[in-house]
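Trainee: This is the content of model22.cif (mmCIF, C-alpha atoms):
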```
data_query
loop_
_atom_site.label_atom_id
_atom_site.label_comp_id
_atom_site.auth_asym_id
_atom_site.auth_seq_id
_atom_site.Cartn_x
_atom_site.Cartn_y
_atom_site.Cartn_z
CA MET A 1 70.78 115.91 77.27
CA LYS A 2 67.73 118.16 77.10
CA LYS A 3 64.45 116.70 75.86
CA ALA A 4 64.11 119.31 73.11
CA VAL A 5 67.55 118.43 71.72
CA LEU A 6 66.77 114.72 71.85
CA LEU A 7 63.44 115.25 70.09
CA PHE A 8 65.07 117.44 67.49
CA GLY A 9 67.72 114.78 66.92
CA ILE A 10 65.14 111.98 66.51
CA ILE A 11 63.09 114.06 64.03
CA LEU A 12 66.24 114.93 62.11
CA VAL A 13 67.36 111.30 61.93
CA LEU A 14 63.91 110.11 60.76
CA PHE A 15 63.72 112.91 58.20
CA THR A 16 67.20 112.02 56.96
CA ILE A 17 66.44 108.31 56.63
CA ILE A 18 63.26 109.04 54.65
CA MET A 19 64.99 111.59 52.44
CA SER A 20 68.03 109.40 51.86
CA ILE A 21 65.82 106.47 50.78
CA PHE A 22 63.49 108.44 48.53
CA VAL A 23 65.57 111.40 47.36
CA SER A 24 69.32 111.16 47.80
CA VAL A 25 72.00 109.65 50.00
CA PHE A 26 73.30 113.20 50.30
CA PHE A 27 70.83 113.78 53.13
CA LEU A 28 72.37 110.92 55.11
CA ALA A 29 75.71 112.65 54.93
CA MET A 30 74.17 115.92 56.06
CA VAL A 31 72.95 114.47 59.34
CA PHE A 32 76.50 113.67 60.36
CA LEU A 33 77.21 117.36 60.03
CA PHE A 34 74.04 118.86 61.49
CA PHE A 35 73.41 116.58 64.45
CA PRO A 36 76.66 117.24 66.32
CA LEU A 37 76.44 120.91 65.40
CA SER A 38 72.89 121.15 66.75
CA ILE A 39 74.01 119.62 70.06
CA LEU A 40 76.97 121.98 70.21
CA TYR A 41 74.82 125.07 69.74
CA THR A 42 71.76 124.11 71.78
CA GLU A 43 73.93 123.26 74.79
CA GLN A 44 75.71 126.60 74.56
CA LYS A 45 73.65 128.05 77.44
CA SER A 46 74.43 125.26 79.89
CA VAL A 47 78.23 125.57 79.67
CA ASP A 48 80.19 127.56 82.23
CA GLU A 49 82.42 130.57 81.56
CA ARG A 50 85.65 128.60 81.16
CA GLU A 51 84.12 126.32 78.55
CA LYS A 52 82.75 129.35 76.69
CA PHE A 53 86.26 130.83 76.74
CA ILE A 54 87.66 127.55 75.38
CA ARG A 55 85.02 127.55 72.63
CA TYR A 56 85.91 131.10 71.63
CA LYS A 57 89.57 130.11 71.45
CA ALA A 58 88.65 127.03 69.42
CA GLY A 59 86.57 129.21 67.07
CA TYR A 60 89.48 131.62 66.63
CA LEU A 61 91.84 128.73 65.82
CA THR A 62 89.29 127.22 63.42
CA LEU A 63 88.95 130.52 61.59
CA HIS A 64 92.69 130.78 61.00
CA LEU A 65 93.04 127.13 60.00
CA THR A 66 90.11 127.52 57.58
CA ILE A 67 91.69 130.58 55.98
CA PHE A 68 95.01 128.72 55.78
CA LEU A 69 93.26 125.77 54.07
CA PHE A 70 91.56 128.09 51.58
CA VAL A 71 94.89 129.79 50.84
CA ILE A 72 96.44 126.39 50.08
CA LEU A 73 93.51 125.48 47.80
CA PHE A 74 93.73 128.89 46.14
CA ILE A 75 97.47 128.56 45.44
CA GLN A 76 97.07 124.95 44.29
CA GLU A 77 94.33 126.01 41.84
CA ALA A 78 96.46 128.91 40.56
CA LEU A 79 99.54 126.73 40.09
CA SER A 80 97.75 123.75 38.53
CA THR A 81 95.74 125.77 35.99
CA GLY A 82 98.32 128.50 35.45
CA GLU A 83 95.49 131.02 35.46
CA SER A 84 93.71 133.19 37.94
CA PRO A 85 91.56 130.94 40.20
CA GLN A 86 87.78 130.92 39.88
CA VAL A 87 85.66 133.52 41.67
CA ILE A 88 84.54 131.00 44.27
CA TYR A 89 88.11 130.77 45.64
CA TYR A 90 88.28 134.53 46.14
CA LEU A 91 84.93 134.51 47.90
CA LEU A 92 85.96 131.56 50.11
CA LEU A 93 88.97 133.56 51.26
CA ILE A 94 87.23 136.88 51.65
CA PHE A 95 84.09 135.62 53.43
CA PRO A 96 85.68 134.45 56.74
CA SER A 97 87.78 137.61 56.86
CA VAL A 98 84.72 139.80 56.36
CA VAL A 99 82.69 137.96 59.02
CA TYR A 100 85.57 138.02 61.49
CA THR A 101 86.51 141.66 60.89
CA PHE A 102 82.99 143.03 61.11
CA SER A 103 82.00 140.85 64.07
CA PHE A 104 84.83 142.16 66.22
CA LEU A 105 84.37 145.70 64.92
CA SER A 106 80.77 145.51 66.12
CA GLN A 107 82.16 145.26 69.68
CA ARG A 108 82.77 149.05 69.62
CA ILE A 109 86.54 149.24 69.53
CA ASP A 110 88.37 152.51 68.80
CA LEU A 111 86.90 153.91 65.57
CA ALA A 112 90.15 154.97 63.87
CA ARG A 113 91.72 151.63 64.71
CA SER A 114 88.75 149.73 63.28
CA GLY A 115 89.04 151.76 60.04
CA ARG A 116 92.72 150.90 59.78
CA ILE A 117 92.11 147.20 60.46
CA VAL A 118 89.58 147.05 57.62
CA LEU A 119 92.06 148.71 55.24
CA TYR A 120 94.94 146.43 56.28
CA VAL A 121 92.84 143.25 55.98
CA PHE A 122 91.32 144.07 52.60
CA GLY A 123 94.45 145.77 51.24
CA GLY A 124 96.45 142.69 52.18
CA TRP A 125 93.99 140.40 50.47
CA TRP A 126 93.97 142.41 47.26
CA ILE A 127 97.76 142.47 47.07
CA ILE A 128 97.84 138.66 47.54
CA PHE A 129 95.15 138.23 44.87
CA SER A 130 97.04 140.48 42.45
CA LEU A 131 100.26 138.55 43.02
CA LEU A 132 98.52 135.23 42.42
CA SER A 133 96.64 136.49 39.36
CA HIS A 134 99.81 137.75 37.73
CA GLY A 135 102.08 134.88 38.63
CA PHE A 136 104.29 136.29 41.40
CA THR A 137 106.14 138.77 39.19
CA ILE A 138 107.36 142.32 39.87
CA SER A 139 104.88 143.59 37.30
CA SER A 140 102.07 142.16 39.36
CA LEU A 141 103.10 144.49 42.18
CA ILE A 142 102.95 147.42 39.80
CA GLU A 143 99.59 146.20 38.51
CA SER A 144 98.07 145.91 41.95
CA PRO A 145 97.60 149.51 43.05
CA ILE A 146 94.22 148.88 44.67
CA GLY A 147 95.69 147.04 47.64
CA PHE A 148 98.58 149.47 48.02
CA GLY A 149 96.10 152.35 47.89
CA TYR A 150 94.33 150.84 50.89
CA LEU A 151 97.58 150.57 52.82
CA ILE A 152 98.66 154.14 51.99
CA VAL A 153 95.32 155.50 53.27
CA ALA A 154 95.75 153.41 56.45
CA PHE A 155 99.29 154.81 57.00
CA LEU A 156 98.07 158.38 56.40
CA SER A 157 95.38 157.96 59.03
CA TYR A 158 97.97 157.68 61.83
CA ARG A 159 99.04 161.30 61.28
CA TRP A 160 96.17 162.93 59.39
CA LYS A 161 92.94 161.14 60.21
CA ARG A 162 90.51 163.54 58.52
CA LEU A 163 92.63 163.80 55.38
CA ALA A 164 92.80 159.99 55.23
CA GLY A 165 89.01 159.90 55.56
CA ILE A 166 88.51 162.28 52.63
CA ILE A 167 91.07 160.40 50.49
CA ALA A 168 89.43 157.05 51.33
CA LEU A 169 86.01 158.30 50.18
CA ILE A 170 87.38 159.87 46.98
CA TYR A 171 89.44 156.74 46.26
CA GLY A 172 86.36 154.55 46.85
CA LEU A 173 84.25 156.65 44.46
CA PHE A 174 87.07 156.66 41.89
CA LEU A 175 87.35 152.85 42.04
CA LEU A 176 83.58 152.44 41.81
CA ALA A 177 83.43 154.64 38.69
CA ARG A 178 86.54 153.04 37.18
CA LEU A 179 85.48 149.44 37.76
CA THR A 180 81.81 149.72 36.75
CA GLY A 181 81.33 147.78 33.55
CA SER A 182 84.95 146.66 33.37
CA PHE A 183 84.19 143.01 34.15
CA ARG A 184 82.46 140.70 31.70
CA ASP A 185 81.46 138.10 34.27
CA PRO A 186 78.37 139.50 36.08
CA GLN A 187 79.05 137.37 39.19
CA LEU A 188 82.60 138.67 39.43
CA SER A 189 81.50 142.20 38.63
CA THR A 190 78.93 142.35 41.45
CA ALA A 191 81.27 140.75 43.98
CA LEU A 192 84.17 143.06 43.17
CA LEU A 193 82.08 146.20 42.94
CA VAL A 194 80.88 145.55 46.47
CA LEU A 195 84.13 144.28 47.93
CA ILE A 196 86.59 146.78 46.48
CA PRO A 197 85.10 150.19 47.38
CA LEU A 198 83.08 149.14 50.45
CA PRO A 199 86.03 148.95 52.90
CA LEU A 200 87.16 152.40 51.69
CA PHE A 201 83.71 153.90 52.28
CA PHE A 202 83.56 152.28 55.72
CA SER A 203 87.02 153.52 56.72
CA GLY A 204 86.44 156.97 55.17
CA ILE A 205 83.28 157.51 57.22
CA VAL A 206 84.95 156.14 60.36
CA PHE A 207 87.99 158.45 59.98
CA LEU A 208 85.76 161.49 59.49
CA LYS A 209 83.45 160.63 62.36
CA LYS A 210 84.20 162.25 65.70
CA ASP A 211 85.23 159.50 68.09
CA ASP A 212 82.91 159.78 71.09
CA SER A 213 83.70 156.34 72.49
CA ILE A 214 86.08 157.73 75.13
CA MET B 1 98.63 135.97 85.91
CA VAL B 2 96.19 135.92 88.82
CA HIS B 3 97.23 133.72 91.74
CA ASN B 4 94.82 132.34 94.32
CA ASN B 5 94.57 130.35 97.50
CA LEU B 6 91.27 128.78 96.63
CA LYS B 7 92.50 125.37 97.74
CA VAL B 8 93.21 126.72 101.23
CA TRP B 9 89.78 128.33 101.49
CA ARG B 10 88.13 125.16 100.24
CA ALA B 11 90.01 123.14 102.90
CA LYS B 12 88.96 125.66 105.58
CA PHE B 13 85.33 125.07 104.67
CA ASP B 14 85.95 121.33 104.28
CA MET B 15 84.55 121.23 100.78
CA THR B 16 85.26 119.12 97.74
CA GLN B 17 85.89 120.66 94.34
CA GLU B 18 82.56 119.25 93.14
CA GLU B 19 80.67 120.91 96.02
CA LEU B 20 82.27 124.29 95.41
CA ALA B 21 81.60 123.98 91.68
CA ASP B 22 77.91 123.36 92.38
CA LYS B 23 77.71 126.35 94.73
CA VAL B 24 79.16 128.80 92.21
CA ASP B 25 77.56 127.32 89.06
CA VAL B 26 80.62 126.05 87.24
CA THR B 27 82.05 122.64 86.41
CA ARG B 28 84.59 120.78 88.57
CA GLN B 29 87.09 121.16 85.73
CA THR B 30 86.85 124.95 86.10
CA ILE B 31 87.63 124.73 89.84
CA ILE B 32 90.60 122.44 89.04
CA ALA B 33 91.82 124.90 86.39
CA LEU B 34 91.46 127.80 88.86
CA GLU B 35 93.36 126.03 91.62
CA LYS B 36 96.17 125.08 89.27
CA GLY B 37 96.34 128.67 87.97
CA ARG B 38 95.52 127.65 84.42
CA TYR B 39 92.46 129.87 84.18
CA ASN B 40 91.70 133.41 85.31
CA PRO B 41 88.14 133.75 86.62
CA SER B 42 85.74 136.42 85.42
CA VAL B 43 84.90 139.19 87.89
CA GLU B 44 81.49 137.59 88.33
CA LEU B 45 82.95 134.19 89.25
CA ALA B 46 85.56 135.73 91.57
CA LEU B 47 82.81 137.68 93.36
CA LYS B 48 80.61 134.58 93.63
CA ILE B 49 83.45 132.57 95.19
CA ALA B 50 84.34 135.38 97.60
CA GLU B 51 80.69 135.81 98.55
CA TYR B 52 80.35 132.10 99.22
CA PHE B 53 83.40 132.10 101.53
CA LYS B 54 82.12 135.35 103.12
CA THR B 55 85.34 137.22 102.40
CA SER B 56 86.70 139.76 99.91
CA VAL B 57 87.95 138.88 96.43
CA GLU B 58 91.48 140.06 97.33
CA GLU B 59 91.70 137.47 100.10
CA ILE B 60 91.32 134.69 97.55
CA PHE B 61 92.67 136.17 94.31
CA PHE B 62 95.81 138.32 94.04
CA LEU B 63 98.32 139.39 91.42
CA ARG B 64 101.54 138.20 93.11
CA GLU B 65 102.23 134.96 94.88
CA LYS B 66 101.94 135.50 98.66
CA LEU B 67 105.14 134.71 100.57
#
```
Let me see the file written as structure tokens.

Mentor:
Amino acid sequence: MKKAVLLFGIILVLFTIIMSIFVSVFFLAMVFLFFPLSILYTEQKSVDEREKFIRYKAGYLTLHLTIFLFVILFIQEALSTGESPQVIYYLLLIFPSVVYTFSFLSQRIDLARSGRIVLYVFGGWWIIFSLLSHGFTISSLIESPIGFGYLIVAFLSYRWKRLAGIIALIYGLFLLARLTGSFRDPQLSTALLVLIPLPLFFSGIVFLKKDDSI
Amino acid sequence: MVHNNLKVWRAKFDMTQEELADKVDVTRQTIIALEKGRYNPSVELALKIAEYFKTSVEEIFFLREKL
């Protein structure tokens, strides 16, 4: 183990003991999370390529298991209360998807494909959210046009990329205008105003942009 | 899947897995995984191994099992 890691660990443990005695036992619990994580990340440079590959695979698996866990919690909350789950559940589901999608899109994959992936991911999420909010009824499908709109734009982009780009931008602006001021909860309002039109703007720009990656 | 005759080359040079791992900057587990065909090396690692044995990459790594 490197000296810096060891020193960091000792300081962290001392800090935790002091804080847990004088402030809260919560800090004691935190060390059990941060200490192994700090070792994991500080030793990242000393691992060989196979171990890095294994870590990437483990990260990928963790991401999907985390999303699966959040979906279970989300459904459990919806079924137990009989109402639409709290905003935090939506954000817990959306956040890993956003991080994952944008981190692999930053690796310069085909532009049109990246635009479609964003629309499929976010369209899929909004359809699931609509179904859960309206209790798995046919009417919830009719009342969830936002997600279907995403998917239609994505389908159009296979044949008419530029047209899909223009439609995505117009649709994004339309949703932004339509949704502004329609939510009472300011937290929900801000989150949805960012999350609903943003993928459309991203995909719209990407579809209209000339792909020079070839 | 990439096949290899790394074990043969290692025997030719009378080396242990640990020694080869040290020479090419990987762990012994990676050499074991390579020899058993459970892991495909990066281009960099394949070149390092070939360079160490003073041969070409194709002599050690190939796409089809040699008869």

Trainee: Counting all atoms listed in the file, which residues from chain B have an atom at most 8 Å from any atom of chain A, and could you show them as a tab-separated table (two decimals) with C-alpha atoms, in the frame of the given file?

Mentor:
```tsv
chain	number	residue	atom	x	y	z
B	25	ASP	CA	77.56	127.32	89.06
B	26	VAL	CA	80.62	126.05	87.24
B	27	THR	CA	82.05	122.64	86.41
B	30	THR	CA	86.85	124.95	86.10
B	39	TYR	CA	92.46	129.87	84.18
B	41	PRO	CA	88.14	133.75	86.62
B	42	SER	CA	85.74	136.42	85.42
```

Trainee: Could you give me, as a ChimeraX atom specification, the residues within 6 Å of segment 3-19 of chain B, counting all atoms listed in the file and dropping anything in the same chain fewer than 2 positions from it?

Mentor: /B:21-22,28,60-63

Trainee: Could you work out how far atom CA of Leu176 of chain A lies from atom CA of Ser157 of chain A, giving the answer in Å with one decimal?

Mentor: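 Spanning atom CA of Ser157 of chain A to atom CA of Leu176 of chain A is a straight-line distance of 21.6 Å.
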
Trainee: Near Val153 of chain A, within 6 Å and counting all atoms listed in the file, which residues show up once chain neighbours fewer than 3 positions away are dropped, as a PyMOL selection string?

Mentor: chain A and resi 150+156+164

Trainee: Could you please determine the separation between atom CA of Ala112 of chain A and atom CA of Val206 of chain A in Å, to one decimal place?

Mentor: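 Atom-to-atom, atom CA of Ala112 of chain A to atom CA of Val206 of chain A, that is 6.4 Å.
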
Trainee: Which of these residues is nearest to Asp110 of chain A, using all atoms listed in the file: A:Phe148, A:Phe22, A:Phe8, A:Phe207?

Mentor: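 Of all the options, A:Phe207 lies closest to Asp110 of chain A.
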
Trainee: Please report the interatomic distance between atom CA of Ile88 of chain A and atom CA of Thr101 of chain A in Å with one decimal.

Mentor: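 Taking atom CA of Ile88 of chain A as the start and atom CA of Thr101 of chain A as the end point, the length is 19.8 Å.
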
Trainee: Which residues, written as a tab-separated table (two decimals) with C-alpha atoms, keeping the file's coordinate frame, have at least one atom at most 10 Å from Val57 of chain B, with only C-alpha atoms counted and residues fewer than 3 positions away on the same chain left out?

Mentor:
```tsv
chain	number	residue	atom	x	y	z
B	4	ASN	CA	94.82	132.34	94.32
B	43	VAL	CA	84.90	139.19	87.89
B	45	LEU	CA	82.95	134.19	89.25
B	46	ALA	CA	85.56	135.73	91.57
B	47	LEU	CA	82.81	137.68	93.36
B	48	LYS	CA	80.61	134.58	93.63
B	49	ILE	CA	83.45	132.57	95.19
B	50	ALA	CA	84.34	135.38	97.60
B	51	GLU	CA	80.69	135.81	98.55
B	53	PHE	CA	83.40	132.10	101.53
B	54	LYS	CA	82.12	135.35	103.12
B	60	ILE	CA	91.32	134.69	97.55
B	61	PHE	CA	92.67	136.17	94.31
B	62	PHE	CA	95.81	138.32	94.04
```

Trainee: On this structure, which residues satisfy the PyMOL selection byres ((chain A and resi 102) around 12), written as a PyMOL selection string?

Mentor: chain A and resi 95-101+103-109+114-115+117-118+121-122+199+202

Trainee: I'd like the box whose edges run along x, y and z of the file and which contains every listed atom of segment 10-17 of chain B, padded by 3 Å per side; could you state its centre and edge lengths in Å, one decimal, as AutoDock Vina command-line options?

Mentor:
```
--center_x 87.3 --center_y 122.4 --center_z 100.0 --size_x 11.5 --size_y 12.5 --size_z 17.2
```

Trainee: Tell me which protein, DNA and RNA residues are within 10 Å of Trp126 of chain A, counting all atoms listed in the file, leaving out same-chain ones fewer than 6 positions away, and put them as a ChimeraX atom specification.

Mentor: /A:90,94,120,132,144-148,150,196

Trainee: Return the single residue from A:Tyr89, A:Leu14, A:Leu200, A:Ala168 that is closest to Glu77 of chain A, with distances computed using all atoms listed in the file.

Mentor: A:Tyr89
